[in-house]
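Chemist: File data_7.txt follows (compact mmCIF, C-alpha atoms):
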# COMPACT_ATOMS: atom_id res chain seq x y z
CA MET A 764 -21.52 -14.77 26.22
CA ILE A 765 -23.57 -16.85 23.76
CA LEU A 766 -25.28 -13.72 22.41
CA GLU A 767 -21.92 -11.97 22.06
CA ARG A 768 -20.57 -14.89 20.04
CA PHE A 769 -23.71 -14.86 17.90
CA ILE A 770 -23.29 -11.15 17.04
CA ALA A 771 -19.53 -11.52 16.45
CA LEU A 772 -20.05 -14.54 14.16
CA ASN A 773 -22.62 -12.69 12.06
CA LEU A 774 -20.29 -9.70 11.85
CA VAL A 775 -17.43 -11.86 10.56
CA LYS A 776 -19.79 -13.46 8.02
CA GLY A 777 -20.74 -10.00 6.78
CA TRP A 778 -17.09 -9.05 6.30
CA LEU A 779 -16.34 -12.29 4.44
CA VAL A 780 -19.34 -11.91 2.11
CA THR A 781 -18.39 -8.31 1.31
CA LEU A 782 -14.75 -9.28 0.81
CA LEU A 783 -15.77 -12.05 -1.58
CA ILE A 784 -18.03 -9.77 -3.62
CA LEU A 785 -15.68 -6.77 -3.82
CA GLY A 786 -12.65 -9.02 -4.35
CA SER A 787 -14.37 -10.78 -7.25
CA VAL A 788 -15.48 -7.52 -8.88
CA PHE A 789 -12.14 -5.74 -8.58
CA GLY A 790 -10.23 -8.90 -9.48
CA LEU A 791 -12.25 -9.28 -12.69
CA MET A 792 -11.78 -5.60 -13.52
CA GLY A 793 -8.02 -5.90 -12.93
CA PHE A 794 -7.82 -9.03 -15.09
CA ILE A 795 -9.62 -7.31 -17.99
CA GLN A 796 -7.41 -4.22 -17.75
CA GLU A 797 -4.24 -6.33 -17.56
CA LEU A 798 -5.18 -8.25 -20.72
CA ASP A 799 -4.38 -5.09 -22.71
CA ARG A 800 -0.77 -5.30 -21.49
CA THR A 801 0.02 -8.80 -22.77
CA ARG A 802 3.38 -9.10 -24.51
CA PHE A 803 5.89 -11.87 -25.29
CA ASP A 804 5.41 -14.62 -22.66
CA TYR A 805 2.99 -12.51 -20.64
CA ASN A 806 -0.17 -14.25 -21.90
CA ALA A 807 -3.70 -14.69 -20.52
CA LEU A 808 -2.59 -17.43 -18.11
CA ALA A 809 0.21 -15.22 -16.77
CA VAL A 810 -2.27 -12.34 -16.46
CA ALA A 811 -4.59 -14.55 -14.38
CA ARG A 812 -1.68 -15.55 -12.12
CA TYR A 813 -0.61 -11.91 -11.75
CA THR A 814 -4.19 -10.85 -10.91
CA LEU A 815 -4.52 -13.50 -8.19
CA LEU A 816 -1.17 -12.57 -6.62
CA ALA A 817 -1.95 -8.84 -6.73
CA LEU A 818 -5.51 -9.22 -5.45
CA PRO A 819 -4.64 -9.43 -1.70
CA GLN A 820 -2.97 -6.01 -1.86
CA GLN A 821 -6.03 -4.60 -3.61
CA VAL A 822 -8.30 -6.12 -0.98
CA VAL A 823 -6.14 -4.61 1.79
CA SER A 824 -6.52 -1.15 0.24
CA LEU A 825 -10.30 -1.70 0.22
CA SER A 826 -10.40 -2.89 3.83
CA PRO A 827 -12.06 0.28 5.28
CA VAL A 828 -14.90 -0.04 2.75
CA ILE A 829 -15.12 -3.81 3.36
CA ALA A 830 -15.34 -3.19 7.10
CA LEU A 831 -18.05 -0.56 6.71
CA LEU A 832 -20.24 -2.43 4.21
CA GLY A 833 -19.67 -5.82 5.83
CA SER A 834 -20.71 -4.50 9.23
CA MET A 835 -23.80 -2.87 7.76
CA VAL A 836 -24.69 -6.10 5.92
CA ALA A 837 -24.51 -8.14 9.14
CA LEU A 838 -26.16 -5.69 11.52
CA SER A 839 -28.89 -4.60 9.08
CA ARG A 840 -29.89 -8.22 8.50
CA LEU A 841 -30.10 -8.79 12.26
CA CYS A 842 -32.22 -5.66 12.58
CA GLN A 843 -34.54 -6.64 9.74
CA SER A 844 -35.12 -10.08 11.22
CA HIS A 845 -35.74 -8.41 14.63
CA GLU A 846 -33.04 -10.58 16.19
CA LEU A 847 -31.29 -7.54 17.66
CA THR A 848 -34.62 -6.35 19.08
CA ILE A 849 -35.08 -9.69 20.83
CA ILE A 850 -31.49 -9.59 22.10
CA ALA A 851 -32.05 -6.06 23.48
CA CYS A 852 -35.21 -7.25 25.27
CA THR A 853 -33.20 -9.87 27.15
CA GLY A 854 -31.37 -7.11 29.01
CA PHE A 855 -28.36 -7.19 26.71
CA ARG A 856 -26.67 -3.83 27.35
CA LYS A 857 -25.03 -1.47 24.91
CA ARG A 858 -21.70 -2.13 26.61
CA GLN A 859 -22.07 -5.84 25.84
CA LEU A 860 -23.01 -5.06 22.25
CA LEU A 861 -19.89 -2.96 21.78
CA ARG A 862 -17.78 -5.71 23.33
CA ALA A 863 -19.32 -8.29 20.98
CA ILE A 864 -18.41 -6.03 18.04
CA GLY A 865 -15.05 -4.91 19.45
CA ILE A 866 -13.43 -8.33 19.90
CA PRO A 867 -13.67 -9.41 16.21
CA THR A 868 -12.80 -5.84 15.21
CA VAL A 869 -9.49 -5.98 17.10
CA ALA A 870 -8.79 -9.38 15.51
CA PHE A 871 -9.57 -7.89 12.08
CA MET A 872 -7.13 -5.03 12.74
CA MET A 873 -4.33 -7.37 13.87
CA ILE A 874 -4.82 -9.64 10.83
CA LEU A 875 -4.68 -6.60 8.57
CA TRP A 876 -1.34 -5.46 10.04
CA LEU A 877 0.12 -8.95 9.64
CA CYS A 878 -1.24 -9.21 6.10
CA MET A 879 0.35 -5.90 5.04
CA GLU A 880 3.72 -6.96 6.42
CA PHE A 881 3.93 -10.66 5.53
CA ILE A 882 1.33 -11.54 2.86
CA SER A 883 -0.11 -8.89 0.53
CA ALA A 884 3.04 -6.83 -0.12
CA PRO A 885 5.35 -9.86 -0.65
CA LEU A 886 2.79 -11.44 -3.00
CA LEU A 887 2.52 -8.22 -5.00
CA GLU A 888 6.33 -8.07 -5.18
CA VAL A 889 6.41 -11.62 -6.58
CA ALA A 890 3.65 -10.70 -9.05
CA GLU A 891 5.51 -7.60 -10.26
CA ARG A 892 8.78 -9.51 -10.70
CA GLN A 893 7.11 -12.32 -12.65
CA LYS A 894 5.25 -9.85 -14.81
CA SER A 895 8.41 -7.88 -15.63
CA ALA A 896 10.34 -11.08 -16.33
CA LEU A 897 7.70 -12.31 -18.80
CA ARG A 898 6.94 -8.98 -20.45
CA ASP A 899 10.53 -7.71 -20.63
CA ARG A 900 12.31 -11.01 -21.18
CA ASN A 901 13.90 -11.42 -17.72
CA THR A 902 14.71 -7.74 -17.34
CA VAL A 903 13.44 -6.01 -14.22
CA ILE A 904 13.01 -2.32 -14.94
CA ILE A 905 13.38 -0.20 -11.82
CA PRO A 906 10.29 2.01 -11.49
CA GLU A 907 10.01 5.78 -11.54
CA GLY A 908 12.99 6.54 -13.76
CA GLY A 909 15.55 4.45 -11.90
CA LEU A 910 17.38 4.88 -8.62
CA TRP A 911 19.47 7.91 -7.74
CA SER A 912 22.15 8.18 -5.08
CA VAL A 913 23.29 11.65 -4.07
CA ALA A 914 26.58 12.53 -2.37
CA PRO A 915 28.55 15.78 -2.19
CA GLY A 916 29.75 16.49 -5.72
CA ARG A 917 28.43 13.23 -7.12
CA PHE A 918 25.27 11.59 -8.51
CA ALA A 919 24.83 7.90 -9.28
CA HIS A 920 21.98 6.50 -11.39
CA LEU A 921 20.92 2.86 -11.72
CA THR A 922 18.46 2.24 -14.58
CA LYS A 923 17.61 -1.47 -14.40
CA LEU A 924 18.30 -4.87 -12.92
CA LEU A 925 18.92 -7.83 -15.21
CA GLU A 926 18.17 -11.47 -14.52
CA GLY A 927 19.64 -12.55 -11.19
CA GLU A 928 19.48 -8.93 -9.94
CA VAL A 929 22.57 -7.93 -11.92
CA PRO A 930 22.78 -4.10 -12.15
CA GLY A 931 22.55 -2.70 -15.65
CA ASP A 932 23.00 0.74 -17.26
CA ILE A 933 24.84 2.43 -14.40
CA GLU A 934 25.77 6.12 -14.62
CA VAL A 935 27.99 8.14 -12.27
CA PHE A 936 28.44 11.92 -12.55
CA GLU A 937 31.08 13.85 -10.59
CA PHE A 938 31.28 17.65 -10.23
CA ASP A 939 33.86 20.09 -8.88
CA ASP A 940 33.27 22.90 -6.39
CA LYS A 941 32.14 25.21 -9.20
CA GLY A 942 29.46 22.78 -10.35
CA ARG A 943 31.33 21.73 -13.50
CA LEU A 944 31.08 18.13 -14.68
CA THR A 945 34.53 16.61 -14.24
CA ARG A 946 33.79 12.93 -14.78
CA ALA A 947 30.97 10.86 -16.29
CA ILE A 948 30.96 7.07 -16.17
CA TYR A 949 28.61 4.66 -17.90
CA GLY A 950 28.69 0.91 -17.23
CA ARG A 951 26.68 -1.66 -19.15
CA THR A 952 26.61 -4.12 -16.23
CA ALA A 953 28.25 -4.43 -12.82
CA THR A 954 29.35 -6.94 -10.24
CA ILE A 955 28.79 -5.94 -6.62
CA ILE A 956 31.89 -6.48 -4.47
CA LYS A 957 32.06 -5.43 -0.79
CA ASN A 958 31.85 -2.17 1.13
CA ARG A 959 29.57 -0.59 -1.50
CA ARG A 960 32.16 -1.11 -4.24
CA TRP A 961 31.03 -2.12 -7.76
CA LEU A 962 33.09 -3.51 -10.64
CA LEU A 963 31.58 -2.03 -13.80
CA GLN A 964 31.84 -3.89 -17.12
CA GLY A 965 31.68 -2.37 -20.59
CA VAL A 966 32.66 1.07 -19.30
CA ARG A 967 32.67 4.39 -21.13
CA GLU A 968 34.36 7.13 -19.09
CA LYS A 969 34.50 10.85 -19.86
CA VAL A 970 37.05 12.92 -17.92
CA LEU A 971 37.51 16.71 -17.99
CA VAL A 972 41.05 17.46 -19.20
CA ASP A 973 41.97 21.11 -19.95
CA ASP A 974 38.26 22.03 -20.14
CA ILE A 975 37.63 19.24 -22.66
CA LEU A 976 35.78 15.99 -21.92
CA VAL A 977 38.03 13.15 -23.07
CA THR A 978 36.38 9.76 -23.69
CA ARG A 979 38.04 6.58 -22.49
CA ARG A 980 36.82 3.01 -22.68
CA HIS A 981 37.54 0.27 -20.15
CA LYS A 982 36.69 -3.39 -20.02
CA GLU A 983 36.27 -3.07 -16.25
CA LEU A 984 36.38 -0.19 -13.79
CA GLU A 985 35.88 -0.21 -10.03
CA VAL A 986 33.65 2.47 -8.51
CA ALA A 987 33.10 3.03 -4.78
CA ASN A 988 30.19 4.25 -2.63
CA LEU A 989 27.23 2.68 -4.47
CA TRP A 990 24.40 0.43 -3.25
CA LYS A 991 24.78 -2.71 -1.16
CA ALA A 992 23.68 -6.03 -2.67
CA GLU A 993 20.99 -6.55 -0.03
CA GLU A 994 19.47 -3.12 -0.74
CA LEU A 995 18.73 -3.77 -4.41
CA PRO A 996 15.79 -6.20 -4.07
CA THR A 997 13.95 -3.69 -1.89
CA LEU A 998 14.86 -0.67 -3.98
CA SER A 999 13.75 -2.28 -7.24
CA ILE A 1000 10.10 -2.80 -6.27
CA THR A 1001 7.26 -0.30 -6.44
CA SER A 1002 6.12 1.53 -3.33
CA GLU A 1003 2.80 -0.37 -3.33
CA ALA A 1004 4.69 -3.68 -3.18
CA MET A 1005 6.68 -2.61 -0.12
CA SER A 1006 5.80 -3.93 3.31
CA LEU A 1007 5.64 -1.56 6.29
CA SER A 1008 9.19 -2.42 7.34
CA ALA A 1009 10.48 -2.02 3.76
CA LEU A 1010 8.83 1.41 3.45
CA HIS A 1011 10.42 2.51 6.71
CA GLN A 1012 13.87 1.23 5.70
CA TYR A 1013 13.64 2.82 2.25
CA SER A 1014 12.62 6.15 3.78
CA GLU A 1015 15.66 5.98 6.07
CA TYR A 1016 17.85 5.16 3.07
CA LEU A 1017 16.54 8.14 1.09
CA GLU A 1018 17.01 10.45 4.07
CA SER A 1019 20.60 9.29 4.52
CA ASN A 1020 21.24 10.24 0.88
CA ASP A 1021 19.54 13.65 1.17
CA GLN A 1022 16.72 12.61 -1.17
CA PRO A 1023 12.98 13.40 -0.84
CA THR A 1024 11.23 11.04 1.55
CA LYS A 1025 7.73 12.57 1.81
CA LYS A 1026 6.05 10.16 -0.63
CA TYR A 1027 7.30 7.01 1.11
CA ARG A 1028 6.86 8.29 4.65
CA SER A 1029 3.32 9.39 3.82
CA LEU A 1030 2.51 5.95 2.39
CA PHE A 1031 4.07 4.31 5.45
CA TRP A 1032 1.86 6.25 7.86
CA GLN A 1033 -1.25 5.70 5.75
CA LYS A 1034 -0.68 1.94 5.75
CA LEU A 1035 0.29 1.84 9.42
CA LEU A 1036 -2.90 3.63 10.50
CA MET A 1037 -5.24 1.86 8.06
CA PRO A 1038 -6.29 -0.82 10.62
CA LEU A 1039 -7.29 1.97 13.01
CA THR A 1040 -9.45 3.43 10.24
CA VAL A 1041 -11.01 -0.01 9.80
CA GLY A 1042 -11.90 -0.06 13.50
CA ALA A 1043 -13.41 3.43 13.25
CA MET A 1044 -15.45 2.38 10.21
CA ILE A 1045 -16.93 -0.60 12.08
CA LEU A 1046 -17.87 1.65 14.99
CA LEU A 1047 -19.50 4.08 12.53
CA ALA A 1048 -21.47 1.26 10.87
CA THR A 1049 -22.94 0.15 14.22
CA PRO A 1050 -25.26 3.13 14.92
CA MET A 1051 -25.93 3.56 11.19
CA SER A 1052 -27.34 0.03 11.04
CA ILE A 1053 -28.99 -0.31 14.46
CA SER A 1054 -31.99 1.78 15.43
CA SER A 1055 -35.41 1.13 16.82
CA ASN A 1056 -37.00 1.92 13.45
CA ALA A 1057 -34.50 0.22 11.13
CA GLY A 1058 -36.60 -2.90 10.63
CA ARG A 1059 -39.75 -0.95 9.65
CA ASP A 1060 -38.60 2.24 8.02
CA ARG A 1061 -35.37 1.46 6.19
CA SER A 1062 -34.92 -1.32 3.69
CA PHE A 1063 -31.74 -3.36 3.43
CA GLY A 1064 -30.98 -1.79 0.03
CA ILE A 1065 -31.21 1.73 1.45
CA ASN A 1066 -28.77 0.80 4.20
CA MET A 1067 -26.32 -0.54 1.62
CA ALA A 1068 -26.70 2.59 -0.51
CA ILE A 1069 -25.98 4.76 2.55
CA GLY A 1070 -22.93 2.62 3.35
CA ALA A 1071 -21.62 2.87 -0.22
CA LEU A 1072 -22.13 6.64 -0.18
CA VAL A 1073 -20.27 6.97 3.12
CA GLY A 1074 -17.42 4.84 1.69
CA ILE A 1075 -17.16 7.05 -1.40
CA LEU A 1076 -17.27 10.24 0.68
CA PHE A 1077 -14.60 8.84 3.00
CA TYR A 1078 -12.30 8.08 0.05
CA LEU A 1079 -12.78 11.51 -1.54
CA GLY A 1080 -12.45 13.25 1.81
CA SER A 1081 -9.24 11.35 2.60
CA GLN A 1082 -7.70 12.43 -0.70
CA ILE A 1083 -8.64 16.06 -0.02
CA VAL A 1084 -7.20 15.87 3.50
CA PHE A 1085 -3.93 14.34 2.23
CA ALA A 1086 -3.59 17.01 -0.48
CA LEU A 1087 -4.33 19.91 1.88
CA GLY A 1088 -2.07 18.47 4.55
CA HIS A 1089 0.87 18.33 2.14
CA LEU A 1090 0.16 21.86 0.89
CA LEU A 1091 0.06 23.17 4.45
CA HIS A 1092 3.21 21.19 5.39
CA MET A 1093 1.47 19.39 8.23
CA SER A 1094 3.06 16.49 10.08
CA LEU A 1095 2.76 13.27 8.05
CA PRO A 1096 1.43 11.20 11.00
CA ALA A 1097 -1.18 13.91 11.65
CA ILE A 1098 -2.25 13.92 7.99
CA ALA A 1099 -2.60 10.13 7.96
CA ALA A 1100 -4.48 10.07 11.28
CA LEU A 1101 -6.91 12.91 10.54
CA PRO A 1102 -9.44 10.92 8.39
CA CYS A 1103 -9.49 8.16 11.02
CA MET A 1104 -10.06 10.67 13.83
CA LEU A 1105 -12.93 12.35 11.96
CA VAL A 1106 -14.64 9.00 11.36
CA LEU A 1107 -14.08 8.03 15.01
CA LEU A 1108 -15.60 11.27 16.29
CA CYS A 1109 -18.67 10.79 14.08
CA ALA A 1110 -18.98 7.19 15.26
CA LEU A 1111 -18.77 8.15 18.95
CA TYR A 1112 -21.38 10.88 18.48
CA LEU A 1113 -23.81 8.50 16.74
CA LEU A 1114 -23.15 5.75 19.29
CA ARG A 1115 -24.02 8.11 22.10
CA ARG A 1116 -27.34 8.94 20.43
CA MET A 1117 -28.11 5.36 19.44
CA ARG A 1118 -31.20 3.97 21.10
CA TRP A 1119 -30.70 0.45 22.41
Could you spell out this file's structure in structure tokens?

Modeler:
Amino acid sequence: MILERFIALNLVKGWLVTLLILGSVFGLMGFIQELDRTRFDYNALAVARYTLLALPQQVVSLSPVIALLGSMVALSRLCQSHELTIIACTGFRKRQLLRAIGIPTVAFMMILWLCMEFISAPLLEVAERQKSALRDRNTVIIPEGGLWSVAPGRFAHLTKLLEGEVPGDIEVFEFDDKGRLTRAIYGRTATIIKNRRWLLQGVREKVLVDDILVTRRHKELEVANLWKAEELPTLSITSEAMSLSALHQYSEYLESNDQPTKKYRSLFWQKLLMPLTVGAMILLATPMSISSNAGRDRSFGINMAIGALVGILFYLGSQIVFALGHLLHMSLPAIAALPCMLVLLCALYLLRRMRW
């Protein structure tokens, strides 16, 4: 039990050291890149605050690489100092070694799931909102060309949210059975009532009368079947700033409005299965770091170079798998799980051949 705690503690130290190094490097790079986007009240201090709030999400996306390199850092050091050799000579079995590595690995995976749901995504959402408020003078621009709502014979478009999450620049287009535009409404702002009803202010309405679009102006005009008030905060953030539950809810919302959901469902499954990939990476790092000749024949730097190469190949391979999976119309869960399964199979093969 003492030896298991010793191995687990060194493994956690390796993860923390790698996290600190990679987090510092990528945080500095992000800060420098963000300095080019300063505008109005979005100054260097605001950039630093944005970088710190966005950094947890960046670290989460790097977690498979952190797990791989951190595990290799810890286990390679133990091999170089011959501590693992001494532990093996005490009768410490491979099963005990895997248990010593598996317990902190499961804890790492659970923390990662909790972080994605309750910490990194909400912090990134706060960072994006503060950035938009400072750069755009309290105007939150909805990403990716605005929000669209589709219903039979009708399209609704929301361009932005003003301070206090007040909808701005709302457009509604209505068509007849022949596909002709019969009504077009533009509202400068809107007040959300109940039952998906909005009261538009500063309205310009165009109505088809005798095949001619007649323009009318209204101070206020009520329009039904738009978004609920509680949906807007979620819909106005980027996909990267969405938690797992928010991604799932938004995918359901898009599906209910007959809109494409592949992008958000794919991201949901990738994030959901990321902790499993982390576990597979740690298993892969174990036989790569531990061997009877590691202390004599392979330097620590070579081990790190191999780990970095494996991390790069995993990233490139994952992108290729995702692209091919979408082209071949494979199941989204299968596409997201395939890189993890490949790493796991390689890890199990190497573990079986590992001499201990």

Chemist: Choose the residue, out of A:Met835, A:Ala811, A:Leu1010, A:Met792, that has the smallest atom-to-atom separation from Lys1026 of chain A; count only C-alpha atoms.

Modeler: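 Checking each of A:Met835, A:Ala811, A:Leu1010, A:Met792 against Lys1026 of chain A, counting only C-alpha atoms, the winner is A:Leu1010.
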
Chemist: For Ile765 of chain A, which of A:Leu984, A:Phe855, A:Val1073, A:Val972 is the closest residue, counting all atoms listed in the file?

Modeler: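 Of the candidates, the smallest distance to Ile765 of chain A is held by A:Phe855.
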
Chemist: Give me the residues of segment 800-908 of chain A that have any atom at most 8 Å from an atom of segment 766-775 of chain A; for each, the nearest atom pair and the distance in Å, rounded to one decimal. Use only C-alpha atoms, sort by chain and number, and format it as a tab-separated table.

Modeler:
residue	atom	partner	partner_atom	distance
A:Gly833	CA	A:Leu774	CA	7.2
A:Ser834	CA	A:Leu774	CA	5.8
A:Ala837	CA	A:Leu774	CA	5.3
A:Leu838	CA	A:Leu774	CA	7.1
A:Ile850	CA	A:Leu766	CA	7.5
A:Gln859	CA	A:Glu767	CA	7.2
A:Leu860	CA	A:Glu767	CA	7.0
A:Arg862	CA	A:Glu767	CA	7.6
A:Ala863	CA	A:Glu767	CA	4.6
A:Ile864	CA	A:Ala771	CA	5.8
A:Ile866	CA	A:Ala771	CA	7.7
A:Pro867	CA	A:Ala771	CA	6.2

Chemist: Given the selection you just returned, output its residues as a file containing C-alpha atoms, formatted as an mmCIF file, in the frame of the given file.

Modeler:
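What follows is the written file again06.cif:
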data_model
loop_
_atom_site.group_PDB
_atom_site.id
_atom_site.type_symbol
_atom_site.label_atom_id
_atom_site.label_comp_id
_atom_site.auth_asym_id
_atom_site.auth_seq_id
_atom_site.Cartn_x
_atom_site.Cartn_y
_atom_site.Cartn_z
ATOM 1 C CA GLY A 833 -19.670 -5.820 5.830
ATOM 2 C CA SER A 834 -20.710 -4.500 9.230
ATOM 3 C CA ALA A 837 -24.510 -8.140 9.140
ATOM 4 C CA LEU A 838 -26.160 -5.690 11.520
ATOM 5 C CA ILE A 850 -31.490 -9.590 22.100
ATOM 6 C CA GLN A 859 -22.070 -5.840 25.840
ATOM 7 C CA LEU A 860 -23.010 -5.060 22.250
ATOM 8 C CA ARG A 862 -17.780 -5.710 23.330
ATOM 9 C CA ALA A 863 -19.320 -8.290 20.980
ATOM 10 C CA ILE A 864 -18.410 -6.030 18.040
ATOM 11 C CA ILE A 866 -13.430 -8.330 19.900
ATOM 12 C CA PRO A 867 -13.670 -9.410 16.210
#

Chemist: Give the answer as one residue: which of A:Thr814, A:Asn806, A:Thr922, A:Gln1012 has the shortest atom-to-atom distance to Gly790 of chain A, using only C-alpha atoms?

Modeler: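 The closest residue to Gly790 of chain A is A:Thr814.
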
Chemist: So, with all atoms listed in the file as the atoms that count, which of A:Leu925, A:Ile975, A:Ala1004, A:Ile1045 lies closest to Met879 of chain A?

Modeler: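 Result for the nearest residue to Met879 of chain A: A:Ala1004.
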
Chemist: When you draw a straight line from atom CA of Cys878 of chain A to atom CA of Ser1029 of chain A, how long is it in Å?

Modeler: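 Value for the atom CA of Cys878 of chain A-atom CA of Ser1029 of chain A distance: 19.3 Å.
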
Chemist: So how many Å separate atom CA of Met1117 of chain A and atom CA of Thr848 of chain A, to one decimal?

Modeler: 13.4 Å

Chemist: Where atoms are absent from segment 938-963 of chain A, fill them in so it carries N, CA and C atoms, then output it as a PDB file, keeping the file's coordinate frame.

Modeler:
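After the write, part_35.pdb holds the following:
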ATOM      1  N   PHE A 938      31.182  16.215  -9.990  1.00  0.00           N
ATOM      2  CA  PHE A 938      31.280  17.650 -10.230  1.00  0.00           C
ATOM      3  C   PHE A 938      32.303  18.268  -9.290  1.00  0.00           C
ATOM      4  N   ASP A 939      32.910  19.389  -9.745  1.00  0.00           N
ATOM      5  CA  ASP A 939      33.860  20.090  -8.880  1.00  0.00           C
ATOM      6  C   ASP A 939      33.125  21.123  -8.036  1.00  0.00           C
ATOM      7  N   ASP A 940      33.869  21.925  -7.283  1.00  0.00           N
ATOM      8  CA  ASP A 940      33.270  22.900  -6.390  1.00  0.00           C
ATOM      9  C   ASP A 940      32.505  23.991  -7.133  1.00  0.00           C
ATOM     10  N   LYS A 941      32.821  24.191  -8.402  1.00  0.00           N
ATOM     11  CA  LYS A 941      32.140  25.210  -9.200  1.00  0.00           C
ATOM     12  C   LYS A 941      30.925  24.660  -9.929  1.00  0.00           C
ATOM     13  N   GLY A 942      30.625  23.397  -9.706  1.00  0.00           N
ATOM     14  CA  GLY A 942      29.460  22.780 -10.350  1.00  0.00           C
ATOM     15  C   GLY A 942      29.720  22.278 -11.740  1.00  0.00           C
ATOM     16  N   ARG A 943      31.007  22.224 -12.167  1.00  0.00           N
ATOM     17  CA  ARG A 943      31.330  21.730 -13.500  1.00  0.00           C
ATOM     18  C   ARG A 943      31.448  20.207 -13.492  1.00  0.00           C
ATOM     19  N   LEU A 944      30.967  19.582 -14.545  1.00  0.00           N
ATOM     20  CA  LEU A 944      31.080  18.130 -14.680  1.00  0.00           C
ATOM     21  C   LEU A 944      32.531  17.770 -14.963  1.00  0.00           C
ATOM     22  N   THR A 945      33.132  16.989 -14.073  1.00  0.00           N
ATOM     23  CA  THR A 945      34.530  16.610 -14.240  1.00  0.00           C
ATOM     24  C   THR A 945      34.709  15.154 -14.683  1.00  0.00           C
ATOM     25  N   ARG A 946      33.671  14.347 -14.435  1.00  0.00           N
ATOM     26  CA  ARG A 946      33.790  12.930 -14.780  1.00  0.00           C
ATOM     27  C   ARG A 946      32.402  12.327 -14.963  1.00  0.00           C
ATOM     28  N   ALA A 947      32.236  11.561 -16.040  1.00  0.00           N
ATOM     29  CA  ALA A 947      30.970  10.860 -16.290  1.00  0.00           C
ATOM     30  C   ALA A 947      31.295   9.427 -16.670  1.00  0.00           C
ATOM     31  N   ILE A 948      30.675   8.493 -15.964  1.00  0.00           N
ATOM     32  CA  ILE A 948      30.960   7.070 -16.170  1.00  0.00           C
ATOM     33  C   ILE A 948      29.659   6.361 -16.536  1.00  0.00           C
ATOM     34  N   TYR A 949      29.735   5.514 -17.552  1.00  0.00           N
ATOM     35  CA  TYR A 949      28.610   4.660 -17.900  1.00  0.00           C
ATOM     36  C   TYR A 949      29.099   3.206 -17.916  1.00  0.00           C
ATOM     37  N   GLY A 950      28.367   2.335 -17.226  1.00  0.00           N
ATOM     38  CA  GLY A 950      28.690   0.910 -17.230  1.00  0.00           C
ATOM     39  C   GLY A 950      27.518   0.094 -17.712  1.00  0.00           C
ATOM     40  N   ARG A 951      27.775  -0.833 -18.617  1.00  0.00           N
ATOM     41  CA  ARG A 951      26.680  -1.660 -19.150  1.00  0.00           C
ATOM     42  C   ARG A 951      26.133  -2.586 -18.083  1.00  0.00           C
ATOM     43  N   THR A 952      26.998  -3.257 -17.341  1.00  0.00           N
ATOM     44  CA  THR A 952      26.610  -4.120 -16.230  1.00  0.00           C
ATOM     45  C   THR A 952      27.612  -3.916 -15.090  1.00  0.00           C
ATOM     46  N   ALA A 953      27.353  -4.571 -13.960  1.00  0.00           N
ATOM     47  CA  ALA A 953      28.250  -4.430 -12.820  1.00  0.00           C
ATOM     48  C   ALA A 953      28.182  -5.658 -11.939  1.00  0.00           C
ATOM     49  N   THR A 954      29.285  -5.901 -11.262  1.00  0.00           N
ATOM     50  CA  THR A 954      29.350  -6.940 -10.240  1.00  0.00           C
ATOM     51  C   THR A 954      29.559  -6.253  -8.896  1.00  0.00           C
ATOM     52  N   ILE A 955      28.712  -6.581  -7.936  1.00  0.00           N
ATOM     53  CA  ILE A 955      28.790  -5.940  -6.620  1.00  0.00           C
ATOM     54  C   ILE A 955      29.843  -6.659  -5.781  1.00  0.00           C
ATOM     55  N   ILE A 956      30.817  -5.889  -5.290  1.00  0.00           N
ATOM     56  CA  ILE A 956      31.890  -6.480  -4.470  1.00  0.00           C
ATOM     57  C   ILE A 956      31.505  -6.287  -3.004  1.00  0.00           C
ATOM     58  N   LYS A 957      32.342  -5.691  -2.204  1.00  0.00           N
ATOM     59  CA  LYS A 957      32.060  -5.430  -0.790  1.00  0.00           C
ATOM     60  C   LYS A 957      32.200  -3.948  -0.510  1.00  0.00           C
ATOM     61  N   ASN A 958      31.697  -3.543   0.651  1.00  0.00           N
ATOM     62  CA  ASN A 958      31.850  -2.170   1.130  1.00  0.00           C
ATOM     63  C   ASN A 958      31.346  -1.148   0.111  1.00  0.00           C
ATOM     64  N   ARG A 959      30.194  -1.482  -0.521  1.00  0.00           N
ATOM     65  CA  ARG A 959      29.570  -0.590  -1.500  1.00  0.00           C
ATOM     66  C   ARG A 959      30.428  -0.339  -2.733  1.00  0.00           C
ATOM     67  N   ARG A 960      31.315  -1.248  -3.055  1.00  0.00           N
ATOM     68  CA  ARG A 960      32.160  -1.110  -4.240  1.00  0.00           C
ATOM     69  C   ARG A 960      31.609  -1.987  -5.365  1.00  0.00           C
ATOM     70  N   TRP A 961      31.546  -1.412  -6.592  1.00  0.00           N
ATOM     71  CA  TRP A 961      31.030  -2.120  -7.760  1.00  0.00           C
ATOM     72  C   TRP A 961      32.127  -2.202  -8.819  1.00  0.00           C
ATOM     73  N   LEU A 962      32.174  -3.332  -9.506  1.00  0.00           N
ATOM     74  CA  LEU A 962      33.090  -3.510 -10.640  1.00  0.00           C
ATOM     75  C   LEU A 962      32.253  -3.415 -11.904  1.00  0.00           C
ATOM     76  N   LEU A 963      32.360  -2.268 -12.594  1.00  0.00           N
ATOM     77  CA  LEU A 963      31.580  -2.030 -13.800  1.00  0.00           C
ATOM     78  C   LEU A 963      32.218  -2.728 -14.993  1.00  0.00           C
TER      79      LEU A 963
END
